[in-house]
Structure formats: C-alpha cells, structure tokens
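Asks: Below is one structure. I have some questions about it.
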Amino acid sequence: MRPVELLVHLAPLFVAIAAAGLLVWAIMAGMSYAVDDTHVRVLMFGRTVRRVALSDVEWADRRWDFWNEHYTTSLRPSRVVRLRRRTGVFRSFIITPPDAESFIGRLRDRGVAIRP
C-alpha cells in the first residue's frame with residue numbers, strides 16, 4: 001500500500017481523534033465554579049450542570065482522593081479542592097478552581113470546615 005492510500009484509509013481515525021480532542025478542550029475551557037449562599041455550583045458555559053448544597057459539605061481541603069466525583073479543568077495539583085459530602089455514593093467531590101486559596105476562603109466564609 002502506498003503512503004497516500006494509507007493516509008486516505010486513516011483519515012477517519014485522524015478526524016475522530018481531532019474531534020474528541022476538541023470536545024475535551026471545549027468542556028474544560030467552558031467549565032467554571034461558583035459558591036453562593038446555599039450551593040457550590042459547577043457551571044458549563046454559564047449554566048449549572050452540578051451543584052452541591054453547602055449544608056451537605058462536611059469539610060473541604062486541598063487534597064486529591066482516588067474514589068470520588070471529578071469536575072476538573074486542570075491536572076495541576078495546586079488547584080485541587082476536595083469537598084467531602086455527608087451523603088452520596090461518591091462522597092468526595094473534586095474541583096479545580098483557578099484560585100484554590102480564594103475558593104477555600106469563600107467556603108470558609110460560608111461556614112464550611114476547612115481541613116489543613
């Protein structure tokens with residue numbers, strides 16, 4: 001098989017990989033986090049896709065946990081915030097806000113216990 005024929009046969013694979021990469025990038029670029037008086041919200045392009053009641057949050061810290069629910073936009077450990085919920089199958093809830101210290105401060109201001 002000549003190289004051109006090989007590229008023609010592999011073109012759908014390249015398109016699928018590029019589309020999947022673009023989708024992952026769009027999701028990560030469009031995700032943000034907010035804390036209001038009653039909930040921590042995960043927003044996708046400004047719309048709430050997941051929320052956790054502050055009354056259900058037992059504590060928060062800056063550690064990563066394996067068995068949990070992830071809504072992350074970064075692989076950097078310096079951005080990790082773990083919320084430990086009182087209920088649910090997956091009790092740890094991992095997010096990666098751009099400024100984790102500020103986010104932890106907003107949680108503290110709303111009465112969430114912070115672990116070191």
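Scheme for the structure tokens: letters A, B, ... for chains in order shown; per-chain residue numbers from 1; ligand numbers from 1 in order shown.
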Tell me, as a count of residues only, which residues lie within 9 Å of Thr73 (chain A), counting only C-alpha atoms; anything in the same chain fewer than 5 positions away does not count.
Replies: 10
Asks: Check chain A with DSSP on the backbone and list each residue it calls alpha helix (DSSP H), as a PyMOL selection string.
Replies: chain A and resi 3-30+100-109
Asks: Save the residues we just selected, C-alpha atoms, as an mmCIF file, in the first residue's frame?
Replies:
```
data_model
loop_
_atom_site.group_PDB
_atom_site.id
_atom_site.type_symbol
_atom_site.label_atom_id
_atom_site.label_comp_id
_atom_site.auth_asym_id
_atom_site.auth_seq_id
_atom_site.Cartn_x
_atom_site.Cartn_y
_atom_site.Cartn_z
ATOM 1 C CA PRO A 3 1.629 6.166 1.694
ATOM 2 C CA VAL A 4 -1.158 8.228 0.111
ATOM 3 C CA GLU A 5 -3.556 5.276 0.189
ATOM 4 C CA LEU A 6 -2.641 4.655 3.817
ATOM 5 C CA LEU A 7 -3.427 8.266 4.729
ATOM 6 C CA VAL A 8 -6.782 8.038 2.951
ATOM 7 C CA HIS A 9 -7.678 4.930 4.967
ATOM 8 C CA LEU A 10 -6.545 6.530 8.246
ATOM 9 C CA ALA A 11 -8.255 9.906 7.640
ATOM 10 C CA PRO A 12 -11.462 8.962 9.546
ATOM 11 C CA LEU A 13 -9.343 7.947 12.532
ATOM 12 C CA PHE A 14 -7.472 11.273 12.483
ATOM 13 C CA VAL A 15 -10.757 13.184 12.226
ATOM 14 C CA ALA A 16 -12.256 11.245 15.145
ATOM 15 C CA ILE A 17 -9.194 11.864 17.339
ATOM 16 C CA ALA A 18 -9.213 15.574 16.478
ATOM 17 C CA ALA A 19 -12.959 15.848 17.207
ATOM 18 C CA ALA A 20 -12.575 14.095 20.567
ATOM 19 C CA GLY A 21 -9.675 16.372 21.493
ATOM 20 C CA LEU A 22 -11.679 19.454 20.517
ATOM 21 C CA LEU A 23 -14.641 18.269 22.599
ATOM 22 C CA VAL A 24 -12.478 17.702 25.688
ATOM 23 C CA TRP A 25 -10.862 21.124 25.246
ATOM 24 C CA ALA A 26 -14.275 22.833 24.870
ATOM 25 C CA ILE A 27 -15.600 21.173 28.019
ATOM 26 C CA MET A 28 -12.532 22.128 30.044
ATOM 27 C CA ALA A 29 -12.469 25.684 28.685
ATOM 28 C CA GLY A 30 -16.163 26.232 29.373
ATOM 29 C CA ALA A 100 -7.963 27.448 45.013
ATOM 30 C CA GLU A 101 -6.983 29.506 48.085
ATOM 31 C CA SER A 102 -9.598 32.145 47.291
ATOM 32 C CA PHE A 103 -12.197 29.446 46.713
ATOM 33 C CA ILE A 104 -11.364 27.813 50.062
ATOM 34 C CA GLY A 105 -11.712 31.251 51.687
ATOM 35 C CA ARG A 106 -15.184 31.706 50.198
ATOM 36 C CA LEU A 107 -16.169 28.278 51.553
ATOM 37 C CA ARG A 108 -14.808 29.200 54.991
ATOM 38 C CA ASP A 109 -16.820 32.448 54.921
#
```
Asks: Using the chain letters and numbers from this document, which residues of region 23-102 of chain A does DSSP assign to strand (DSSP E or B), as a PyMOL selection string?
Replies: chain A and resi 31-35+39-44+47-53+57-61+69-71+81-85+92-95
Asks: I need the residues from that last selection saved to file as a compact mmCIF listing (two decimals), in the first residue's frame (with N, CA and C atoms), if you can.
Replies:
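So selection.txt came out as:
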```
# COMPACT_ATOMS: atom_id res chain seq x y z
N MET A 31 -15.85 25.22 31.56
CA MET A 31 -16.25 24.88 32.92
C MET A 31 -15.73 25.91 33.92
N SER A 32 -16.59 26.30 34.85
CA SER A 32 -16.19 27.20 35.93
C SER A 32 -16.93 26.79 37.20
N TYR A 33 -16.58 27.44 38.31
CA TYR A 33 -17.12 27.06 39.61
C TYR A 33 -17.58 28.32 40.34
N ALA A 34 -18.65 28.17 41.13
CA ALA A 34 -19.16 29.30 41.89
C ALA A 34 -19.64 28.83 43.26
N VAL A 35 -19.54 29.73 44.23
CA VAL A 35 -20.06 29.48 45.57
C VAL A 35 -21.09 30.57 45.85
N HIS A 39 -25.12 26.83 47.78
CA HIS A 39 -24.55 25.75 46.98
C HIS A 39 -23.16 26.07 46.45
N VAL A 40 -22.41 25.03 46.16
CA VAL A 40 -21.23 25.11 45.29
C VAL A 40 -21.73 24.62 43.94
N ARG A 41 -21.50 25.42 42.91
CA ARG A 41 -22.03 25.10 41.58
C ARG A 41 -20.90 24.87 40.59
N VAL A 42 -21.10 23.86 39.74
CA VAL A 42 -20.22 23.64 38.59
C VAL A 42 -20.99 24.17 37.38
N LEU A 43 -20.39 25.13 36.69
CA LEU A 43 -21.05 25.77 35.56
C LEU A 43 -20.38 25.37 34.26
N MET A 44 -21.17 25.12 33.25
CA MET A 44 -20.66 24.85 31.91
C MET A 44 -21.23 25.93 30.99
N ARG A 47 -24.12 27.80 32.60
CA ARG A 47 -25.29 27.06 33.06
C ARG A 47 -24.87 26.02 34.10
N THR A 48 -25.66 25.90 35.15
CA THR A 48 -25.35 24.94 36.22
C THR A 48 -25.53 23.52 35.72
N VAL A 49 -24.46 22.71 35.83
CA VAL A 49 -24.55 21.30 35.46
C VAL A 49 -24.47 20.38 36.68
N ARG A 50 -23.97 20.90 37.79
CA ARG A 50 -23.88 20.12 39.03
C ARG A 50 -23.84 21.09 40.19
N ARG A 51 -24.53 20.77 41.26
CA ARG A 51 -24.47 21.59 42.46
C ARG A 51 -24.45 20.71 43.69
N VAL A 52 -23.77 21.21 44.70
CA VAL A 52 -23.66 20.51 45.99
C VAL A 52 -24.09 21.51 47.06
N ALA A 53 -25.04 21.13 47.86
CA ALA A 53 -25.52 22.02 48.93
C ALA A 53 -24.42 22.21 49.97
N VAL A 57 -21.93 19.63 52.78
CA VAL A 57 -20.47 19.57 52.79
C VAL A 57 -19.99 19.44 54.23
N GLU A 58 -19.35 18.33 54.53
CA GLU A 58 -18.84 18.09 55.88
C GLU A 58 -17.58 18.91 56.13
N TRP A 59 -16.65 18.90 55.14
CA TRP A 59 -15.41 19.68 55.23
C TRP A 59 -14.81 19.80 53.84
N ALA A 60 -13.81 20.66 53.72
CA ALA A 60 -13.08 20.85 52.46
C ALA A 60 -11.59 20.86 52.75
N ASP A 61 -10.81 20.42 51.79
CA ASP A 61 -9.35 20.50 51.91
C ASP A 61 -8.74 20.62 50.52
N GLU A 69 -16.02 11.98 42.80
CA GLU A 69 -16.67 12.60 41.65
C GLU A 69 -15.79 13.76 41.20
N HIS A 70 -15.38 13.76 39.94
CA HIS A 70 -14.46 14.77 39.43
C HIS A 70 -15.16 15.77 38.51
N TYR A 71 -14.90 17.04 38.71
CA TYR A 71 -15.25 18.10 37.77
C TYR A 71 -14.02 18.98 37.67
N VAL A 81 -9.37 21.23 44.93
CA VAL A 81 -10.18 21.44 46.14
C VAL A 81 -11.10 20.23 46.25
N ARG A 82 -11.03 19.55 47.41
CA ARG A 82 -11.88 18.39 47.66
C ARG A 82 -12.95 18.77 48.66
N LEU A 83 -14.19 18.54 48.30
CA LEU A 83 -15.32 18.74 49.19
C LEU A 83 -15.79 17.36 49.65
N ARG A 84 -15.85 17.16 50.95
CA ARG A 84 -16.30 15.88 51.50
C ARG A 84 -17.76 16.05 51.88
N ARG A 85 -18.63 15.30 51.19
CA ARG A 85 -20.07 15.39 51.45
C ARG A 85 -20.50 14.41 52.53
N SER A 92 -16.60 12.17 48.09
CA SER A 92 -15.63 13.22 47.80
C SER A 92 -15.95 13.82 46.44
N PHE A 93 -15.86 15.13 46.37
CA PHE A 93 -16.22 15.89 45.17
C PHE A 93 -15.02 16.77 44.83
N ILE A 94 -14.35 16.52 43.71
CA ILE A 94 -13.11 17.20 43.36
C ILE A 94 -13.37 18.25 42.29
N ILE A 95 -12.89 19.47 42.54
CA ILE A 95 -12.95 20.54 41.55
C ILE A 95 -11.58 21.22 41.49
```
Asks: Would you compute the distance between CA of Val80 (chain A) and CA of Trp67 (chain A)? Give it in Å to one decimal.
Replies: 14.5 Å
Asks: Calculate how many Å separate CA of Phe45 (chain A) from CA of Thr87 (chain A), rounding to one decimal.
Replies: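 Computed distance, CA of Phe45 (chain A) to CA of Thr87 (chain A), equals 27.5 Å.
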Asks: Grab the CA of Asn68 (chain A) to CA of Arg91 (chain A) distance for me, in Å with one decimal place.
Replies: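 Those two atoms sit 6.5 Å apart.
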Asks: Pick from A:Asp99, A:Thr72, A:Phe90, A:Asp36: nearest to Leu54 (chain A), with only C-alpha atoms counted?
Replies: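 Checking each candidate against Leu54 (chain A), we get A:Asp36 as the closest.
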